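Novice: Below is the file target-v5.cif, with mmCIF, C-alpha atoms and all ligand atoms.
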```cif
data_work
loop_
_atom_site.group_PDB
_atom_site.id
_atom_site.type_symbol
_atom_site.label_atom_id
_atom_site.label_comp_id
_atom_site.auth_asym_id
_atom_site.auth_seq_id
_atom_site.Cartn_x
_atom_site.Cartn_y
_atom_site.Cartn_z
ATOM 1 C CA MET Q 155 -20.180 -9.023 13.665
ATOM 2 C CA THR Q 156 -23.772 -8.176 14.685
ATOM 3 C CA SER Q 157 -25.175 -6.224 11.733
ATOM 4 C CA ASN Q 158 -28.794 -6.949 10.765
ATOM 5 C CA ALA Q 159 -27.946 -7.101 7.080
ATOM 6 C CA VAL Q 160 -30.896 -7.773 4.782
ATOM 7 C CA ILE Q 161 -28.463 -9.089 2.139
ATOM 8 C CA ARG Q 162 -25.147 -10.664 2.996
ATOM 9 C CA PHE Q 163 -22.544 -11.822 0.444
ATOM 10 C CA SER Q 164 -19.732 -13.879 2.039
ATOM 11 C CA ASP Q 165 -16.784 -14.719 -0.240
ATOM 12 C CA VAL Q 166 -19.074 -15.250 -3.233
ATOM 13 C CA SER Q 167 -17.609 -16.454 -6.528
ATOM 14 C CA LYS Q 168 -19.481 -17.478 -9.655
ATOM 15 C CA SER Q 169 -18.140 -19.361 -12.650
ATOM 16 C CA TYR Q 170 -19.835 -20.348 -15.889
ATOM 17 C CA GLY Q 171 -17.728 -23.261 -17.098
ATOM 18 C CA SER Q 172 -14.189 -21.913 -17.306
ATOM 19 C CA LEU Q 173 -15.339 -18.268 -17.184
ATOM 20 C CA LEU Q 174 -14.945 -16.654 -13.777
ATOM 21 C CA ALA Q 175 -17.700 -13.995 -13.620
ATOM 22 C CA LEU Q 176 -17.427 -12.944 -9.962
ATOM 23 C CA ASN Q 177 -14.450 -13.359 -7.699
ATOM 24 C CA ASP Q 178 -14.684 -13.465 -3.921
ATOM 25 C CA VAL Q 179 -17.285 -10.768 -3.345
ATOM 26 C CA SER Q 180 -18.213 -9.911 0.240
ATOM 27 C CA PHE Q 181 -20.574 -7.145 1.205
ATOM 28 C CA ASN Q 182 -23.709 -6.437 3.216
ATOM 29 C CA VAL Q 183 -26.782 -4.368 2.473
ATOM 30 C CA GLU Q 184 -28.578 -2.988 5.525
ATOM 31 C CA GLU Q 185 -32.301 -2.396 5.787
ATOM 32 C CA GLY Q 186 -33.402 0.794 4.035
ATOM 33 C CA GLU Q 187 -30.252 1.237 1.961
ATOM 34 C CA PHE Q 188 -30.529 2.111 -1.734
ATOM 35 C CA VAL Q 189 -27.399 0.524 -3.176
ATOM 36 C CA VAL Q 190 -26.517 1.198 -6.797
ATOM 37 C CA ILE Q 191 -23.988 -1.081 -8.489
ATOM 38 C CA VAL Q 192 -21.930 0.356 -11.342
ATOM 39 C CA GLY Q 193 -19.186 -1.257 -13.384
ATOM 40 C CA ALA Q 194 -18.007 -2.196 -16.850
ATOM 41 C CA SER Q 195 -20.141 -4.362 -19.094
ATOM 42 C CA GLY Q 196 -19.768 -8.056 -18.234
ATOM 43 C CA CYS Q 197 -18.373 -7.522 -14.717
ATOM 44 C CA GLY Q 198 -21.102 -9.645 -13.147
ATOM 45 C CA LYS Q 199 -23.713 -7.106 -11.988
ATOM 46 C CA SER Q 200 -26.742 -9.024 -13.308
ATOM 47 C CA THR Q 201 -25.221 -12.243 -12.011
ATOM 48 C CA MET Q 202 -25.225 -10.736 -8.511
ATOM 49 C CA LEU Q 203 -28.887 -9.703 -8.743
ATOM 50 C CA ASN Q 204 -29.926 -13.036 -10.229
ATOM 51 C CA MET Q 205 -28.260 -14.904 -7.385
ATOM 52 C CA ILE Q 206 -29.936 -12.704 -4.759
ATOM 53 C CA ALA Q 207 -33.308 -13.387 -6.395
ATOM 54 C CA GLY Q 208 -32.501 -17.114 -6.420
ATOM 55 C CA PHE Q 209 -32.557 -17.451 -10.229
ATOM 56 C CA ASP Q 210 -28.971 -18.695 -10.030
ATOM 57 C CA GLN Q 211 -26.642 -20.059 -7.325
ATOM 58 C CA PRO Q 212 -23.072 -19.077 -6.335
ATOM 59 C CA SER Q 213 -20.265 -21.502 -7.220
ATOM 60 C CA ASN Q 214 -18.560 -20.688 -3.906
ATOM 61 C CA GLY Q 215 -19.460 -18.707 -0.795
ATOM 62 C CA ARG Q 216 -22.838 -17.803 0.715
ATOM 63 C CA ILE Q 217 -25.619 -15.384 -0.117
ATOM 64 C CA GLU Q 218 -28.143 -14.756 2.648
ATOM 65 C CA VAL Q 219 -31.320 -12.715 2.396
ATOM 66 C CA GLN Q 220 -32.871 -11.897 5.781
ATOM 67 C CA GLY Q 221 -30.402 -14.319 7.373
ATOM 68 C CA LYS Q 222 -31.297 -17.316 5.179
ATOM 69 C CA GLU Q 223 -29.718 -19.027 2.194
ATOM 70 C CA HIS Q 224 -32.151 -19.888 -0.595
ATOM 71 C CA SER Q 225 -31.861 -22.744 -3.027
ATOM 72 C CA GLY Q 226 -34.675 -21.550 -5.335
ATOM 73 C CA VAL Q 227 -36.463 -18.366 -6.337
ATOM 74 C CA ASN Q 228 -36.789 -16.153 -3.282
ATOM 75 C CA PRO Q 229 -40.296 -14.705 -2.837
ATOM 76 C CA GLN Q 230 -38.883 -11.986 -0.558
ATOM 77 C CA CYS Q 231 -37.256 -10.367 -3.604
ATOM 78 C CA GLY Q 232 -39.063 -8.396 -6.293
ATOM 79 C CA MET Q 233 -37.264 -7.731 -9.574
ATOM 80 C CA VAL Q 234 -37.771 -5.001 -12.183
ATOM 81 C CA PHE Q 235 -36.043 -5.812 -15.487
ATOM 82 C CA GLN Q 236 -34.924 -3.598 -18.374
ATOM 83 C CA GLN Q 237 -37.546 -5.151 -20.641
ATOM 84 C CA TYR Q 238 -40.988 -4.635 -19.205
ATOM 85 C CA ALA Q 239 -41.931 -8.103 -18.032
ATOM 86 C CA LEU Q 240 -45.695 -7.521 -17.954
ATOM 87 C CA PHE Q 241 -48.471 -9.948 -18.850
ATOM 88 C CA PRO Q 242 -49.752 -8.567 -22.182
ATOM 89 C CA TRP Q 243 -53.188 -10.148 -21.739
ATOM 90 C CA MET Q 244 -53.815 -8.422 -18.390
ATOM 91 C CA THR Q 245 -54.875 -4.848 -17.700
ATOM 92 C CA VAL Q 246 -52.652 -2.478 -15.687
ATOM 93 C CA GLU Q 247 -54.724 -3.189 -12.591
ATOM 94 C CA ASP Q 248 -54.555 -6.967 -13.021
ATOM 95 C CA ASN Q 249 -50.817 -6.891 -13.700
ATOM 96 C CA ILE Q 250 -50.244 -4.947 -10.486
ATOM 97 C CA ALA Q 251 -52.600 -7.149 -8.465
ATOM 98 C CA PHE Q 252 -51.240 -10.427 -9.851
ATOM 99 C CA GLY Q 253 -48.997 -11.268 -6.884
ATOM 100 C CA LEU Q 254 -51.797 -10.384 -4.469
ATOM 101 C CA LYS Q 255 -54.011 -12.983 -6.118
ATOM 102 C CA MET Q 256 -51.257 -15.522 -5.507
ATOM 103 C CA LYS Q 257 -51.260 -14.436 -1.845
ATOM 104 C CA GLY Q 258 -54.974 -15.219 -1.611
ATOM 105 C CA GLN Q 259 -56.410 -11.690 -1.356
ATOM 106 C CA SER Q 260 -60.056 -11.270 -2.403
ATOM 107 C CA LYS Q 261 -60.891 -9.406 -5.603
ATOM 108 C CA ALA Q 262 -62.094 -6.312 -3.698
ATOM 109 C CA GLU Q 263 -58.954 -6.242 -1.530
ATOM 110 C CA ARG Q 264 -56.747 -6.619 -4.580
ATOM 111 C CA ARG Q 265 -58.446 -3.800 -6.416
ATOM 112 C CA GLN Q 266 -58.132 -1.465 -3.434
ATOM 113 C CA HIS Q 267 -54.494 -2.416 -2.838
ATOM 114 C CA ALA Q 268 -53.591 -2.072 -6.539
ATOM 115 C CA GLN Q 269 -55.228 1.363 -6.632
ATOM 116 C CA GLU Q 270 -52.868 2.634 -3.924
ATOM 117 C CA PHE Q 271 -49.850 1.756 -6.084
ATOM 118 C CA ILE Q 272 -51.463 2.932 -9.321
ATOM 119 C CA GLU Q 273 -51.750 6.351 -7.658
ATOM 120 C CA MET Q 274 -48.193 6.164 -6.339
ATOM 121 C CA VAL Q 275 -46.699 5.668 -9.805
ATOM 122 C CA GLY Q 276 -49.015 8.194 -11.490
ATOM 123 C CA LEU Q 277 -51.143 5.803 -13.554
ATOM 124 C CA ARG Q 278 -54.581 6.892 -12.397
ATOM 125 C CA GLY Q 279 -57.032 6.616 -15.290
ATOM 126 C CA PHE Q 280 -55.066 3.749 -16.908
ATOM 127 C CA GLU Q 281 -56.348 0.950 -14.661
ATOM 128 C CA LYS Q 282 -58.147 -0.826 -17.498
ATOM 129 C CA ALA Q 283 -55.505 -0.243 -20.189
ATOM 130 C CA TYR Q 284 -53.476 -3.134 -21.625
ATOM 131 C CA PRO Q 285 -49.644 -2.942 -21.793
ATOM 132 C CA LYS Q 286 -49.592 -2.580 -25.586
ATOM 133 C CA ALA Q 287 -51.470 0.729 -25.266
ATOM 134 C CA LEU Q 288 -48.831 2.176 -22.896
ATOM 135 C CA SER Q 289 -45.532 3.955 -23.561
ATOM 136 C CA GLY Q 290 -42.266 2.383 -22.352
ATOM 137 C CA GLY Q 291 -42.175 4.712 -19.348
ATOM 138 C CA MET Q 292 -45.722 3.810 -18.363
ATOM 139 C CA ARG Q 293 -45.007 0.101 -18.694
ATOM 140 C CA GLN Q 294 -42.035 0.473 -16.412
ATOM 141 C CA ARG Q 295 -44.250 2.302 -13.908
ATOM 142 C CA VAL Q 296 -46.568 -0.720 -13.954
ATOM 143 C CA ALA Q 297 -43.595 -3.039 -13.347
ATOM 144 C CA ILE Q 298 -42.472 -0.897 -10.382
ATOM 145 C CA ALA Q 299 -46.010 -0.756 -8.947
ATOM 146 C CA ARG Q 300 -46.358 -4.516 -9.295
ATOM 147 C CA VAL Q 301 -43.202 -5.132 -7.285
ATOM 148 C CA LEU Q 302 -44.156 -2.516 -4.657
ATOM 149 C CA ALA Q 303 -47.642 -4.039 -4.278
ATOM 150 C CA ASN Q 304 -46.096 -7.376 -3.311
ATOM 151 C CA SER Q 305 -44.197 -5.631 -0.525
ATOM 152 C CA PRO Q 306 -40.953 -7.613 -0.881
ATOM 153 C CA SER Q 307 -38.104 -7.284 1.647
ATOM 154 C CA VAL Q 308 -35.758 -6.388 -1.201
ATOM 155 C CA MET Q 309 -36.380 -4.650 -4.516
ATOM 156 C CA LEU Q 310 -33.949 -5.526 -7.302
ATOM 157 C CA PHE Q 311 -33.678 -3.298 -10.391
ATOM 158 C CA ASP Q 312 -31.632 -4.489 -13.388
ATOM 159 C CA GLU Q 313 -31.113 -1.382 -15.557
ATOM 160 C CA PRO Q 314 -34.856 -0.624 -15.486
ATOM 161 C CA PHE Q 315 -34.621 2.737 -17.260
ATOM 162 C CA ALA Q 316 -31.959 1.879 -19.859
ATOM 163 C CA ALA Q 317 -34.450 1.480 -22.716
ATOM 164 C CA LEU Q 318 -36.238 4.787 -22.056
ATOM 165 C CA ASP Q 319 -35.619 8.167 -23.669
ATOM 166 C CA ALA Q 320 -33.644 10.666 -21.588
ATOM 167 C CA MET Q 321 -36.598 12.797 -20.475
ATOM 168 C CA THR Q 322 -38.829 9.880 -19.490
ATOM 169 C CA ARG Q 323 -35.865 8.389 -17.693
ATOM 170 C CA GLN Q 324 -35.382 11.530 -15.615
ATOM 171 C CA VAL Q 325 -39.073 11.651 -14.703
ATOM 172 C CA LEU Q 326 -39.003 8.013 -13.552
ATOM 173 C CA GLN Q 327 -35.775 8.514 -11.634
ATOM 174 C CA GLU Q 328 -37.317 11.414 -9.715
ATOM 175 C CA GLU Q 329 -40.439 9.327 -9.052
ATOM 176 C CA LEU Q 330 -38.364 6.446 -7.741
ATOM 177 C CA VAL Q 331 -36.444 8.803 -5.433
ATOM 178 C CA LYS Q 332 -39.771 10.051 -4.067
ATOM 179 C CA ILE Q 333 -41.020 6.513 -3.493
ATOM 180 C CA TYR Q 334 -37.770 5.660 -1.737
ATOM 181 C CA GLU Q 335 -38.020 8.776 0.438
ATOM 182 C CA GLN Q 336 -41.548 7.707 1.479
ATOM 183 C CA GLN Q 337 -41.008 3.964 1.868
ATOM 184 C CA ARG Q 338 -37.276 3.480 2.590
ATOM 185 C CA LYS Q 339 -37.331 0.044 0.981
ATOM 186 C CA THR Q 340 -34.105 -1.933 0.707
ATOM 187 C CA ILE Q 341 -33.081 -1.583 -2.936
ATOM 188 C CA LEU Q 342 -30.306 -2.914 -5.159
ATOM 189 C CA PHE Q 343 -30.151 -1.195 -8.527
ATOM 190 C CA ILE Q 344 -27.854 -1.697 -11.521
ATOM 191 C CA THR Q 345 -27.009 1.065 -13.947
ATOM 192 C CA HIS Q 346 -24.306 2.176 -16.359
ATOM 193 C CA SER Q 347 -25.058 5.809 -15.572
ATOM 194 C CA ILE Q 348 -23.101 7.531 -12.803
ATOM 195 C CA ASP Q 349 -25.649 10.370 -12.865
ATOM 196 C CA GLU Q 350 -28.455 7.883 -12.239
ATOM 197 C CA ALA Q 351 -26.421 6.272 -9.443
ATOM 198 C CA LEU Q 352 -25.824 9.644 -7.754
ATOM 199 C CA LEU Q 353 -29.420 10.791 -8.047
ATOM 200 C CA LEU Q 354 -30.922 7.579 -6.657
ATOM 201 C CA SER Q 355 -28.568 5.911 -4.232
ATOM 202 C CA SER Q 356 -27.671 6.085 -0.585
ATOM 203 C CA ARG Q 357 -24.549 4.077 -1.418
ATOM 204 C CA ILE Q 358 -22.629 3.282 -4.619
ATOM 205 C CA VAL Q 359 -20.677 0.082 -5.165
ATOM 206 C CA VAL Q 360 -18.139 0.138 -8.015
ATOM 207 C CA MET Q 361 -17.191 -3.241 -9.516
ATOM 208 C CA SER Q 362 -13.924 -4.134 -11.223
ATOM 209 C CA ALA Q 363 -13.728 -5.447 -14.783
ATOM 210 C CA ARG Q 364 -14.407 -9.197 -15.009
ATOM 211 C CA PRO Q 365 -13.968 -11.156 -12.842
ATOM 212 C CA GLY Q 366 -16.060 -8.744 -10.792
ATOM 213 C CA ARG Q 367 -14.840 -7.647 -7.378
ATOM 214 C CA ILE Q 368 -15.826 -4.601 -5.368
ATOM 215 C CA VAL Q 369 -13.265 -1.841 -5.898
ATOM 216 C CA GLN Q 370 -15.094 1.034 -4.196
ATOM 217 C CA ASP Q 371 -17.949 1.346 -1.741
ATOM 218 C CA ILE Q 372 -19.051 4.956 -1.347
ATOM 219 C CA GLN Q 373 -21.724 6.495 0.886
ATOM 220 C CA ASN Q 374 -23.763 8.999 -1.123
ATOM 221 C CA ASP Q 375 -24.362 11.877 1.279
ATOM 222 C CA LEU Q 376 -26.282 14.117 -1.153
ATOM 223 C CA PRO Q 377 -29.238 15.466 0.840
ATOM 224 C CA HIS Q 378 -32.904 14.447 0.580
ATOM 225 C CA PRO Q 379 -35.441 15.391 -0.679
ATOM 226 C CA ARG Q 380 -33.529 14.949 -3.907
ATOM 227 C CA ASN Q 381 -34.348 15.786 -7.507
ATOM 228 C CA ALA Q 382 -32.364 16.406 -10.690
ATOM 229 C CA GLU Q 383 -31.308 19.851 -9.413
ATOM 230 C CA VAL Q 384 -28.869 18.114 -7.083
ATOM 231 C CA GLN Q 385 -26.685 17.761 -10.188
ATOM 232 C CA LEU Q 386 -25.859 21.450 -9.911
ATOM 233 C CA SER Q 387 -24.276 21.137 -6.462
ATOM 234 C CA GLU Q 388 -20.533 21.150 -5.781
ATOM 235 C CA ARG Q 389 -20.731 17.947 -3.766
ATOM 236 C CA TYR Q 390 -22.372 16.205 -6.739
ATOM 237 C CA VAL Q 391 -19.551 17.176 -9.072
ATOM 238 C CA GLU Q 392 -16.975 16.101 -6.499
ATOM 239 C CA LEU Q 393 -18.602 12.653 -6.032
ATOM 240 C CA LYS Q 394 -19.041 12.204 -9.772
ATOM 241 C CA ARG Q 395 -15.375 12.937 -10.447
ATOM 242 C CA HIS Q 396 -14.336 10.506 -7.731
ATOM 243 C CA ILE Q 397 -16.574 7.656 -8.983
ATOM 244 C CA TRP Q 398 -15.746 8.253 -12.643
ATOM 245 C CA GLY Q 399 -12.032 7.938 -11.787
ATOM 246 C CA SER Q 400 -12.426 4.330 -10.652
ATOM 247 C CA VAL Q 401 -15.145 3.340 -13.171
ATOM 248 C CA GLN Q 402 -13.062 4.658 -16.059
ATOM 249 C CA ALA Q 403 -10.010 2.623 -15.055
ATOM 250 C CA GLU Q 404 -12.121 -0.559 -14.928
ATOM 251 C CA VAL Q 405 -13.902 0.156 -18.220
ATOM 252 C CA MET Q 406 -10.494 0.596 -19.894
ATOM 253 C CA ARG Q 407 -9.314 -2.712 -18.374
ATOM 254 C CA SER Q 408 -12.421 -4.494 -19.675
ATOM 255 C CA ILE Q 409 -11.983 -3.027 -23.193
ATOM 256 C CA GLU Q 410 -8.305 -4.048 -23.226
ATOM 257 C CA GLY Q 411 -9.268 -7.514 -21.927
ATOM 258 C CA ALA Q 412 -11.805 -7.921 -24.740
ATOM 259 C CA ALA Q 413 -9.395 -6.756 -27.480
HETATM 260 N N1 LIG Q 501 -25.945 -18.109 -17.939
HETATM 261 C C1 LIG Q 501 -24.717 -17.798 -18.322
HETATM 262 N N2 LIG Q 501 -23.949 -18.673 -18.958
HETATM 263 C C2 LIG Q 501 -22.689 -18.377 -19.341
HETATM 264 N N3 LIG Q 501 -22.105 -17.189 -19.109
HETATM 265 C C3 LIG Q 501 -22.825 -16.262 -18.461
HETATM 266 C C4 LIG Q 501 -24.173 -16.496 -18.033
HETATM 267 N N4 LIG Q 501 -24.633 -15.384 -17.419
HETATM 268 C C5 LIG Q 501 -23.637 -14.489 -17.474
HETATM 269 N N5 LIG Q 501 -22.550 -15.010 -18.092
HETATM 270 C C6 LIG Q 501 -21.266 -14.327 -18.304
HETATM 271 O O1 LIG Q 501 -20.828 -13.843 -17.054
HETATM 272 C C7 LIG Q 501 -20.247 -12.543 -17.189
HETATM 273 C C8 LIG Q 501 -21.027 -11.558 -16.316
HETATM 274 O O2 LIG Q 501 -22.311 -11.360 -16.903
HETATM 275 P P1 LIG Q 501 -23.374 -10.318 -16.299
HETATM 276 O O3 LIG Q 501 -24.557 -10.340 -17.194
HETATM 277 O O4 LIG Q 501 -23.591 -10.617 -14.864
HETATM 278 O O5 LIG Q 501 -22.581 -8.944 -16.419
HETATM 279 P P2 LIG Q 501 -23.121 -7.452 -16.287
HETATM 280 O O6 LIG Q 501 -22.093 -6.731 -15.477
HETATM 281 O O7 LIG Q 501 -24.515 -7.447 -15.787
HETATM 282 O O8 LIG Q 501 -23.056 -6.980 -17.802
HETATM 283 P P3 LIG Q 501 -23.865 -5.803 -18.580
HETATM 284 O O9 LIG Q 501 -23.496 -4.539 -17.875
HETATM 285 O O10 LIG Q 501 -23.312 -5.868 -19.972
HETATM 286 O O11 LIG Q 501 -25.318 -6.154 -18.495
HETATM 287 C C9 LIG Q 501 -20.299 -12.197 -18.669
HETATM 288 O O12 LIG Q 501 -19.062 -12.526 -19.254
HETATM 289 C C10 LIG Q 501 -21.393 -13.108 -19.216
HETATM 290 O O13 LIG Q 501 -21.165 -13.433 -20.568
#
```
Using the file provided, produce a representation of the structure as structure tokens.
Specialist:
Amino acid sequence: MTSNAVIRFSDVSKSYGSLLALNDVSFNVEEGEFVVIVGASGCGKSTMLNMIAGFDQPSNGRIEVQGKEHSGVNPQCGMVFQQYALFPWMTVEDNIAFGLKMKGQSKAERRQHAQEFIEMVGLRGFEKAYPKALSGGMRQRVAIARVLANSPSVMLFDEPFAALDAMTRQVLQEELVKIYEQQRKTILFITHSIDEALLLSSRIVVMSARPGRIVQDIQNDLPHPRNAEVQLSERYVELKRHIWGSVQAEVMRSIEGAA
């Protein structure tokens, strides 16, 4: 097989003691894909992201990023978490420029570079603000800008909008779609929301109840440019019904398994 996959899972399993979290998962993510993973709670979605980032290792099988296995944290991956992992003692600008400092950029270069991403995520005027003065949505914008500024090969999002109110969430979703349309970064994104998956993704991977396996892998052919209005289209409703059918069966299995 000659695909130039950015991420490649080959027969990956992960156990924690006697608990089998993931079972024999194989799939590739190609450059520029926006893959959203959905599935019942506890099916191993975060485990997959953590292993790609190098925070954890598979028990069996191989995970390659850009053709290489990693035994530690992979600097080619940038992660955005549900809880805004910002440095509280740094301003917005310094948070965003932090990785650039590590890369040895001068102060002037960092400021200029950070400014580009501050504009991109709509935080102009907040450069000197500290995280505690920002709303949840604004903090998550800083987290996204910080990852973008580091220009990783892969962006990993672990339920980044789950803690936000519905309206802020929709605004950030539309902003992320726009950024994706401009930059075509390779993205893996976890959510429990099928609507979020359909709005954002180019492809949706549905996981089974634990131990997680891939039960469906669906190309999302909703057209770009995309915004929340896409939810009114017939194709959207058709895709949603289809995905909900398989997610629902797995959620029921996981509830029965937990009972
Ligand atoms: N470090 C760990 N030690 C022991 N068990 C773990 C560890 N990390 C995850 N697990 C277990 O592995 C399974 C998969 O967890 P994971 O967090 O990947 O699921 P998830 O699909 O992301 O869940 P959720 O949607 O609820 O966030 C769960 O049963 C969890 O309790």
Novice: Residues at most 9 Å from ligand LIG 501 (chain Q), using only C-alpha atoms and all ligand atoms? Could they come as number ranges by chain?
Specialist: Q: 168-171, 173-176, 192-204, 210, 312-313, 344-346, 361, 363-366
Novice: Name all residues at most 12 Å from Ile272 in chain Q (count only C-alpha atoms; drop same-chain ones fewer than 5 positions away) and give them as a ChimeraX atom specification.
Specialist: /Q:245-251,264-267,277-282,292-293,295-303
Novice: List the spatial neighbours of range 318-330 of chain Q as a list of chain:residue names - criterion: any atom at most 8 Å away, all atoms listed in the file, same-chain residues fewer than 2 positions off excluded.
Specialist: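 Answer for this query is Q:Val275, Q:Gly290, Q:Gly291, Q:Arg295, Q:Phe315, Q:Ala316, Q:Lys332, Q:Ile333, Q:Tyr334, Q:Glu350, Q:Leu353, Q:Leu354, Q:Arg380, Q:Asn381, Q:Ala382.
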Novice: Next, dump the selected residues to file, keeping only C-alpha atoms, as a short mmCIF file (atom, residue, chain, number, x, y, z; two decimals), keeping the file's coordinate frame.
Specialist:
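See out-v1.cif below for the written result:
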```cif
data_model
loop_
_atom_site.label_atom_id
_atom_site.label_comp_id
_atom_site.auth_asym_id
_atom_site.auth_seq_id
_atom_site.Cartn_x
_atom_site.Cartn_y
_atom_site.Cartn_z
CA VAL Q 275 -46.70 5.67 -9.80
CA GLY Q 290 -42.27 2.38 -22.35
CA GLY Q 291 -42.18 4.71 -19.35
CA ARG Q 295 -44.25 2.30 -13.91
CA PHE Q 315 -34.62 2.74 -17.26
CA ALA Q 316 -31.96 1.88 -19.86
CA LYS Q 332 -39.77 10.05 -4.07
CA ILE Q 333 -41.02 6.51 -3.49
CA TYR Q 334 -37.77 5.66 -1.74
CA GLU Q 350 -28.46 7.88 -12.24
CA LEU Q 353 -29.42 10.79 -8.05
CA LEU Q 354 -30.92 7.58 -6.66
CA ARG Q 380 -33.53 14.95 -3.91
CA ASN Q 381 -34.35 15.79 -7.51
CA ALA Q 382 -32.36 16.41 -10.69
#
```
Novice: Just to confirm, what's the straight-line distance from CA of Phe188 in chain Q to CA of Gln269 in chain Q in Å (one decimal)?
Specialist: 25.2 Å
Novice: Skipping near chain neighbours, those fewer than 6 positions away, what residues fall within 9 Å of Ile358 in chain Q using only C-alpha atoms, listed as a PyMOL selection string?
Specialist: chain Q and resi 188-192+351-352+370-374+397
Novice: Any idea what the distance is between CA of Cys231 in chain Q and CA of Ala207 in chain Q?
Specialist: 5.7 Å
Novice: Can you list what the PyMOL selection byres (((chain Q and resi 375) around 9) and not hetatm) grabs from this structure, as a ChimeraX atom specification?
Specialist: /Q:356-357,373-374,376-378,389
Novice: So what do you get for CA of Gly221 in chain Q versus CA of Ile368 in chain Q, distance-wise?
Specialist: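 Pair CA of Gly221 in chain Q / CA of Ile368 in chain Q returns 21.7 Å.
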Novice: Rank Q:Gln220, Q:Ser260, Q:Gln230, Q:Ser408 by their smallest atom-to-atom distance to Asn158 in chain Q, using all atoms listed in the file, and report the top residue only.
Specialist: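 The shortest atom-to-atom distance to Asn158 in chain Q comes from Q:Gln220.
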Novice: Return the single residue from Q:Asn304, Q:Gln385, Q:Ser180, Q:Gln259 that is closest to Met233 in chain Q, with distances computed using all atoms listed in the file.
Specialist: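 Result for the nearest residue to Met233 in chain Q: Q:Asn304.
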Novice: Restricting the calculation to all atoms listed in the file, which member of Q:Gly258, Q:Gly232, Q:Gly226, Q:Gly186 is positioned closest to Ser305 in chain Q?
Specialist: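 Ranked by minimum distance to Ser305 in chain Q, first place goes to Q:Gly232.
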Novice: Return as lines of an AutoDock Vina configuration file the box centre and box size in Å, one decimal, for an axis-aligned box around all listed atoms of range 233-249 of chain Q padded by 6 Å per side.
Specialist:
```
center_x = -44.9
center_y = -6.3
center_z = -15.9
size_x = 32.0
size_y = 19.7
size_z = 24.6
```
Novice: Identify all residues satisfying the PyMOL selection byres (((chain Q and resi 164) around 10) and not hetatm) in the given file; provide them as a VMD selection string.
Specialist: chain Q and resid 161 to 163 165 to 167 178 to 182 214 to 218
Novice: From the list Q:Phe209, Q:Ala159, Q:Val219, Q:Asp349, which residue is nearest Pro306 in chain Q when using only C-alpha atoms?
Specialist: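 Between Q:Phe209, Q:Ala159, Q:Val219, Q:Asp349, the residue approaching Pro306 in chain Q most closely is Q:Val219.
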Novice: For Tyr284 in chain Q, which residue among Q:Ala412, Q:Met244, Q:Val405, Q:Val359 is the nearest when counting only C-alpha atoms?
Specialist: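 Comparing Q:Ala412, Q:Met244, Q:Val405, Q:Val359 against Tyr284 in chain Q, the winner is Q:Met244.
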